[in-house]
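Structure file target_20.cif with mmCIF, N, CA and C atoms:
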```cif
data_my_file
loop_
_atom_site.label_atom_id
_atom_site.label_comp_id
_atom_site.auth_asym_id
_atom_site.auth_seq_id
_atom_site.Cartn_x
_atom_site.Cartn_y
_atom_site.Cartn_z
N MET A 1 85.26 248.60 -214.38
CA MET A 1 84.69 247.78 -215.43
C MET A 1 83.27 248.28 -215.72
N ASP A 2 82.91 248.35 -217.00
CA ASP A 2 81.58 248.85 -217.34
C ASP A 2 80.50 247.79 -217.09
N LYS A 3 79.27 248.22 -217.14
CA LYS A 3 78.14 247.35 -216.81
C LYS A 3 78.05 246.13 -217.71
N LEU A 4 78.28 246.33 -219.00
CA LEU A 4 78.18 245.22 -219.94
C LEU A 4 79.25 244.17 -219.68
N LYS A 5 80.46 244.60 -219.37
CA LYS A 5 81.54 243.65 -219.07
C LYS A 5 81.23 242.88 -217.79
N GLU A 6 80.70 243.57 -216.78
CA GLU A 6 80.31 242.90 -215.53
C GLU A 6 79.22 241.87 -215.79
N PHE A 7 78.24 242.25 -216.60
CA PHE A 7 77.15 241.35 -216.95
C PHE A 7 77.69 240.09 -217.62
N ARG A 8 78.56 240.26 -218.60
CA ARG A 8 79.15 239.11 -219.31
C ARG A 8 79.99 238.23 -218.38
N LYS A 9 80.70 238.85 -217.46
CA LYS A 9 81.52 238.11 -216.50
C LYS A 9 80.63 237.20 -215.63
N ILE A 10 79.52 237.75 -215.16
CA ILE A 10 78.58 236.97 -214.35
C ILE A 10 77.95 235.86 -215.19
N MET A 11 77.63 236.15 -216.45
CA MET A 11 77.06 235.14 -217.34
C MET A 11 78.03 233.98 -217.53
N GLU A 12 79.30 234.27 -217.72
CA GLU A 12 80.31 233.22 -217.89
C GLU A 12 80.40 232.34 -216.65
N LYS A 13 80.39 232.95 -215.47
CA LYS A 13 80.46 232.18 -214.23
C LYS A 13 79.19 231.35 -214.01
N SER A 14 78.07 231.82 -214.52
CA SER A 14 76.80 231.11 -214.37
C SER A 14 76.69 229.93 -215.32
N GLU A 15 77.53 229.92 -216.36
CA GLU A 15 77.55 228.85 -217.36
C GLU A 15 76.20 228.65 -218.04
N THR A 16 75.49 229.74 -218.27
CA THR A 16 74.23 229.71 -219.00
C THR A 16 74.03 231.06 -219.66
N ASP A 17 73.24 231.07 -220.73
CA ASP A 17 72.94 232.33 -221.39
C ASP A 17 71.46 232.71 -221.27
N LYS A 18 70.71 231.92 -220.50
CA LYS A 18 69.30 232.25 -220.26
C LYS A 18 69.23 233.21 -219.08
N VAL A 19 68.50 234.31 -219.27
CA VAL A 19 68.49 235.36 -218.25
C VAL A 19 67.07 235.88 -218.05
N VAL A 20 66.80 236.30 -216.83
CA VAL A 20 65.59 237.06 -216.53
C VAL A 20 66.05 238.44 -216.06
N LEU A 21 65.51 239.46 -216.72
CA LEU A 21 65.83 240.85 -216.40
C LEU A 21 64.59 241.50 -215.81
N ILE A 22 64.78 242.29 -214.77
CA ILE A 22 63.68 243.01 -214.14
C ILE A 22 63.92 244.50 -214.34
N THR A 23 62.91 245.17 -214.88
CA THR A 23 62.94 246.63 -214.97
C THR A 23 61.85 247.15 -214.03
N ASN A 24 61.62 248.42 -214.02
CA ASN A 24 60.56 248.96 -213.17
C ASN A 24 59.18 248.50 -213.61
N HIS A 25 59.04 248.09 -214.87
CA HIS A 25 57.72 247.76 -215.40
C HIS A 25 57.59 246.36 -215.98
N TYR A 26 58.71 245.70 -216.31
CA TYR A 26 58.65 244.43 -217.02
C TYR A 26 59.54 243.36 -216.40
N ARG A 27 59.13 242.11 -216.61
CA ARG A 27 59.98 240.94 -216.39
C ARG A 27 60.28 240.40 -217.78
N ILE A 28 61.54 240.33 -218.13
CA ILE A 28 61.96 239.95 -219.47
C ILE A 28 62.80 238.68 -219.36
N THR A 29 62.42 237.66 -220.10
CA THR A 29 63.16 236.40 -220.09
C THR A 29 63.61 236.10 -221.51
N GLY A 30 64.88 235.72 -221.67
CA GLY A 30 65.38 235.39 -222.99
C GLY A 30 66.79 234.84 -222.91
N TYR A 31 67.39 234.68 -224.07
CA TYR A 31 68.74 234.16 -224.19
C TYR A 31 69.66 235.26 -224.71
N VAL A 32 70.79 235.45 -224.05
CA VAL A 32 71.74 236.48 -224.46
C VAL A 32 72.35 236.09 -225.80
N TYR A 33 72.31 237.02 -226.71
CA TYR A 33 72.93 236.84 -228.02
C TYR A 33 74.13 237.76 -228.10
N ASP A 34 75.31 237.19 -228.04
CA ASP A 34 76.54 237.96 -228.02
C ASP A 34 77.17 237.93 -229.40
N CYS A 35 76.96 239.01 -230.13
CA CYS A 35 77.49 239.11 -231.48
C CYS A 35 78.10 240.50 -231.65
N GLU A 36 79.35 240.56 -232.03
CA GLU A 36 80.04 241.85 -232.16
C GLU A 36 79.29 242.80 -233.09
N GLU A 37 78.66 242.26 -234.13
CA GLU A 37 77.95 243.10 -235.10
C GLU A 37 76.79 243.86 -234.46
N PHE A 38 76.15 243.24 -233.45
CA PHE A 38 74.97 243.85 -232.83
C PHE A 38 75.26 244.48 -231.48
N ASN A 39 76.45 244.32 -230.95
CA ASN A 39 76.76 244.86 -229.62
C ASN A 39 76.81 246.38 -229.65
N ARG A 40 76.15 246.97 -228.70
CA ARG A 40 76.18 248.42 -228.51
C ARG A 40 76.48 248.66 -227.04
N GLU A 41 77.10 249.77 -226.75
CA GLU A 41 77.46 250.09 -225.38
C GLU A 41 76.22 250.13 -224.49
N ASN A 42 76.28 249.42 -223.38
CA ASN A 42 75.21 249.35 -222.37
C ASN A 42 73.91 248.73 -222.86
N TYR A 43 73.95 247.93 -223.91
CA TYR A 43 72.77 247.21 -224.37
C TYR A 43 73.01 245.71 -224.33
N ILE A 44 71.98 244.99 -223.93
CA ILE A 44 72.01 243.52 -223.95
C ILE A 44 71.12 243.08 -225.10
N ASN A 45 71.63 242.18 -225.92
CA ASN A 45 70.87 241.63 -227.03
C ASN A 45 70.29 240.29 -226.60
N LEU A 46 68.98 240.13 -226.74
CA LEU A 46 68.32 238.88 -226.36
C LEU A 46 67.57 238.28 -227.54
N THR A 47 67.47 236.96 -227.55
CA THR A 47 66.66 236.25 -228.52
C THR A 47 65.61 235.43 -227.77
N ASN A 48 64.56 235.00 -228.50
CA ASN A 48 63.48 234.19 -227.92
C ASN A 48 62.98 234.80 -226.61
N VAL A 49 62.51 236.00 -226.69
CA VAL A 49 62.19 236.81 -225.52
C VAL A 49 60.70 236.78 -225.19
N THR A 50 60.39 236.66 -223.91
CA THR A 50 59.04 236.88 -223.43
C THR A 50 59.07 238.09 -222.50
N LEU A 51 58.03 238.88 -222.61
CA LEU A 51 57.95 240.14 -221.88
C LEU A 51 56.64 240.14 -221.13
N CYS A 52 56.71 240.41 -219.83
CA CYS A 52 55.52 240.39 -218.99
C CYS A 52 55.52 241.61 -218.09
N LEU A 53 54.37 242.23 -217.92
CA LEU A 53 54.27 243.36 -217.00
C LEU A 53 54.56 242.89 -215.58
N MET A 54 55.28 243.69 -214.82
CA MET A 54 55.62 243.32 -213.44
C MET A 54 54.38 243.07 -212.59
N ASN A 55 53.32 243.82 -212.82
CA ASN A 55 52.09 243.62 -212.05
C ASN A 55 51.51 242.23 -212.25
N ASP A 56 51.74 241.63 -213.42
CA ASP A 56 51.24 240.29 -213.71
C ASP A 56 52.27 239.21 -213.41
N SER A 57 53.47 239.62 -213.07
CA SER A 57 54.61 238.73 -212.97
C SER A 57 54.45 237.62 -211.94
N TYR A 58 53.77 237.90 -210.86
CA TYR A 58 53.67 236.91 -209.79
C TYR A 58 52.26 236.36 -209.66
N SER A 59 51.56 236.36 -210.76
CA SER A 59 50.22 235.78 -210.78
C SER A 59 50.12 234.85 -211.98
N ASP A 60 49.00 234.20 -212.11
CA ASP A 60 48.79 233.32 -213.24
C ASP A 60 48.66 234.10 -214.54
N GLU A 61 48.38 235.38 -214.44
CA GLU A 61 48.17 236.20 -215.62
C GLU A 61 49.39 236.18 -216.55
N CYS A 62 50.58 236.25 -215.99
CA CYS A 62 51.78 236.30 -216.82
C CYS A 62 51.97 234.99 -217.57
N ASP A 63 51.77 233.87 -216.91
CA ASP A 63 51.95 232.58 -217.55
C ASP A 63 50.86 232.30 -218.58
N ARG A 64 49.65 232.72 -218.29
CA ARG A 64 48.55 232.48 -219.22
C ARG A 64 48.52 233.49 -220.35
N TYR A 65 48.88 234.70 -220.05
CA TYR A 65 48.79 235.78 -221.04
C TYR A 65 50.11 236.53 -221.14
N THR A 66 51.12 235.87 -221.62
CA THR A 66 52.39 236.56 -221.81
C THR A 66 52.13 237.72 -222.75
N SER A 67 52.47 238.91 -222.29
CA SER A 67 52.07 240.10 -223.02
C SER A 67 52.72 240.22 -224.39
N SER A 68 53.94 239.74 -224.56
CA SER A 68 54.60 239.85 -225.85
C SER A 68 55.67 238.79 -225.97
N GLY A 69 55.93 238.40 -227.18
CA GLY A 69 57.04 237.51 -227.48
C GLY A 69 57.82 238.10 -228.64
N TYR A 70 59.13 238.07 -228.56
CA TYR A 70 59.97 238.67 -229.59
C TYR A 70 61.08 237.72 -229.98
N ASP A 71 61.43 237.73 -231.28
CA ASP A 71 62.60 236.99 -231.73
C ASP A 71 63.87 237.69 -231.24
N TRP A 72 63.86 239.04 -231.26
CA TRP A 72 64.99 239.85 -230.86
C TRP A 72 64.53 240.98 -229.99
N LEU A 73 65.33 241.32 -228.99
CA LEU A 73 65.04 242.49 -228.17
C LEU A 73 66.37 243.03 -227.65
N HIS A 74 66.55 244.33 -227.74
CA HIS A 74 67.77 244.98 -227.27
C HIS A 74 67.37 245.83 -226.08
N ILE A 75 68.02 245.61 -224.94
CA ILE A 75 67.62 246.25 -223.69
C ILE A 75 68.77 247.09 -223.15
N ASN A 76 68.45 248.31 -222.77
CA ASN A 76 69.42 249.22 -222.19
C ASN A 76 69.69 248.79 -220.74
N LEU A 77 70.95 248.53 -220.42
CA LEU A 77 71.31 248.10 -219.07
C LEU A 77 70.96 249.14 -218.01
N ASP A 78 70.89 250.40 -218.39
CA ASP A 78 70.55 251.44 -217.43
C ASP A 78 69.11 251.29 -216.94
N ARG A 79 68.27 250.56 -217.65
CA ARG A 79 66.86 250.36 -217.27
C ARG A 79 66.65 249.10 -216.45
N VAL A 80 67.67 248.25 -216.35
CA VAL A 80 67.56 246.99 -215.61
C VAL A 80 67.84 247.25 -214.13
N VAL A 81 66.92 246.82 -213.26
CA VAL A 81 67.12 247.00 -211.82
C VAL A 81 67.59 245.72 -211.14
N ALA A 82 67.37 244.57 -211.81
CA ALA A 82 67.84 243.29 -211.26
C ALA A 82 67.89 242.28 -212.40
N PHE A 83 68.72 241.25 -212.24
CA PHE A 83 68.76 240.17 -213.22
C PHE A 83 69.27 238.90 -212.56
N SER A 84 68.93 237.78 -213.20
CA SER A 84 69.42 236.48 -212.73
C SER A 84 69.55 235.56 -213.93
N PHE A 85 70.58 234.74 -213.92
CA PHE A 85 70.75 233.75 -214.98
C PHE A 85 70.07 232.46 -214.54
N LEU A 86 69.40 231.81 -215.49
CA LEU A 86 68.63 230.61 -215.23
C LEU A 86 69.24 229.42 -215.92
N LYS A 87 69.27 228.29 -215.24
CA LYS A 87 69.78 227.05 -215.86
C LYS A 87 68.64 226.20 -216.31
#
```
Write the structure described by the file as structure tokens, please.
Amino acid sequence: MDKLKEFRKIMEKSETDKVVLITNHYRITGYVYDCEEFNRENYINLTNVTLCLMNDSYSDECDRYTSSGYDWLHINLDRVVAFSFLK
């Protein structure tokens, strides 16, 4: 099974579409947007996204100064090192 199918399977079992993704440099929080029109192989589509540098992730800096906010963000699954679904 490919990475995207595994990701969707875990999302279904979690019964939520809110996710936090960890890359080598960022903590990304958003809602999975599953639309056939926008689906690309190995990409996750997110809406209402906040992006924070990992160095600021565990300090007050991230909460006070969220580095970026996006309506849409498409993330390559090959760049994700960890993720968790949030209720």
Test item: residues at most 5 Å from stretch 28-34 of chain A, only N, CA and C atoms, excluding those fewer than 6 positions along its chain, as a PyMOL selection string: chain A and resi 17-21+45-51
Distance criterion (only C-alpha atoms): nearest to A:Val81 out of A:Tyr26, A:Ile10, A:Leu53, A:Asn42: A:Tyr26
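Once the PyMOL selection byres ((chain A and resi 80) around 8) is applied to the depicted file, the selected set reads Leu21, Ile22, Thr23, Asn24, Ile75, Asn76, Leu77, Asp78, Arg79, Val81, Ala82 and Phe83 of chain A.
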Among listed residues A:Met54, A:Ile44, A:Leu73, A:Leu86, nearest A:Ser14 (using all atoms listed in the file):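 Looking at the shortest contact to A:Ser14, the residue is A:Leu86.
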Pairwise distance for atom N of A:Thr16 and atom CA of A:His74, rounded to one decimal in Å: 19.3 Å
Distance of atom C of A:Arg27 from atom C of A:Cys52, expressed in Å to one decimal place: 4.9 Å
Pairwise distance for atom C of A:Asn55 and atom C of A:Gly69, rounded to one decimal in Å: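 A separation of 18.0 Å between them.
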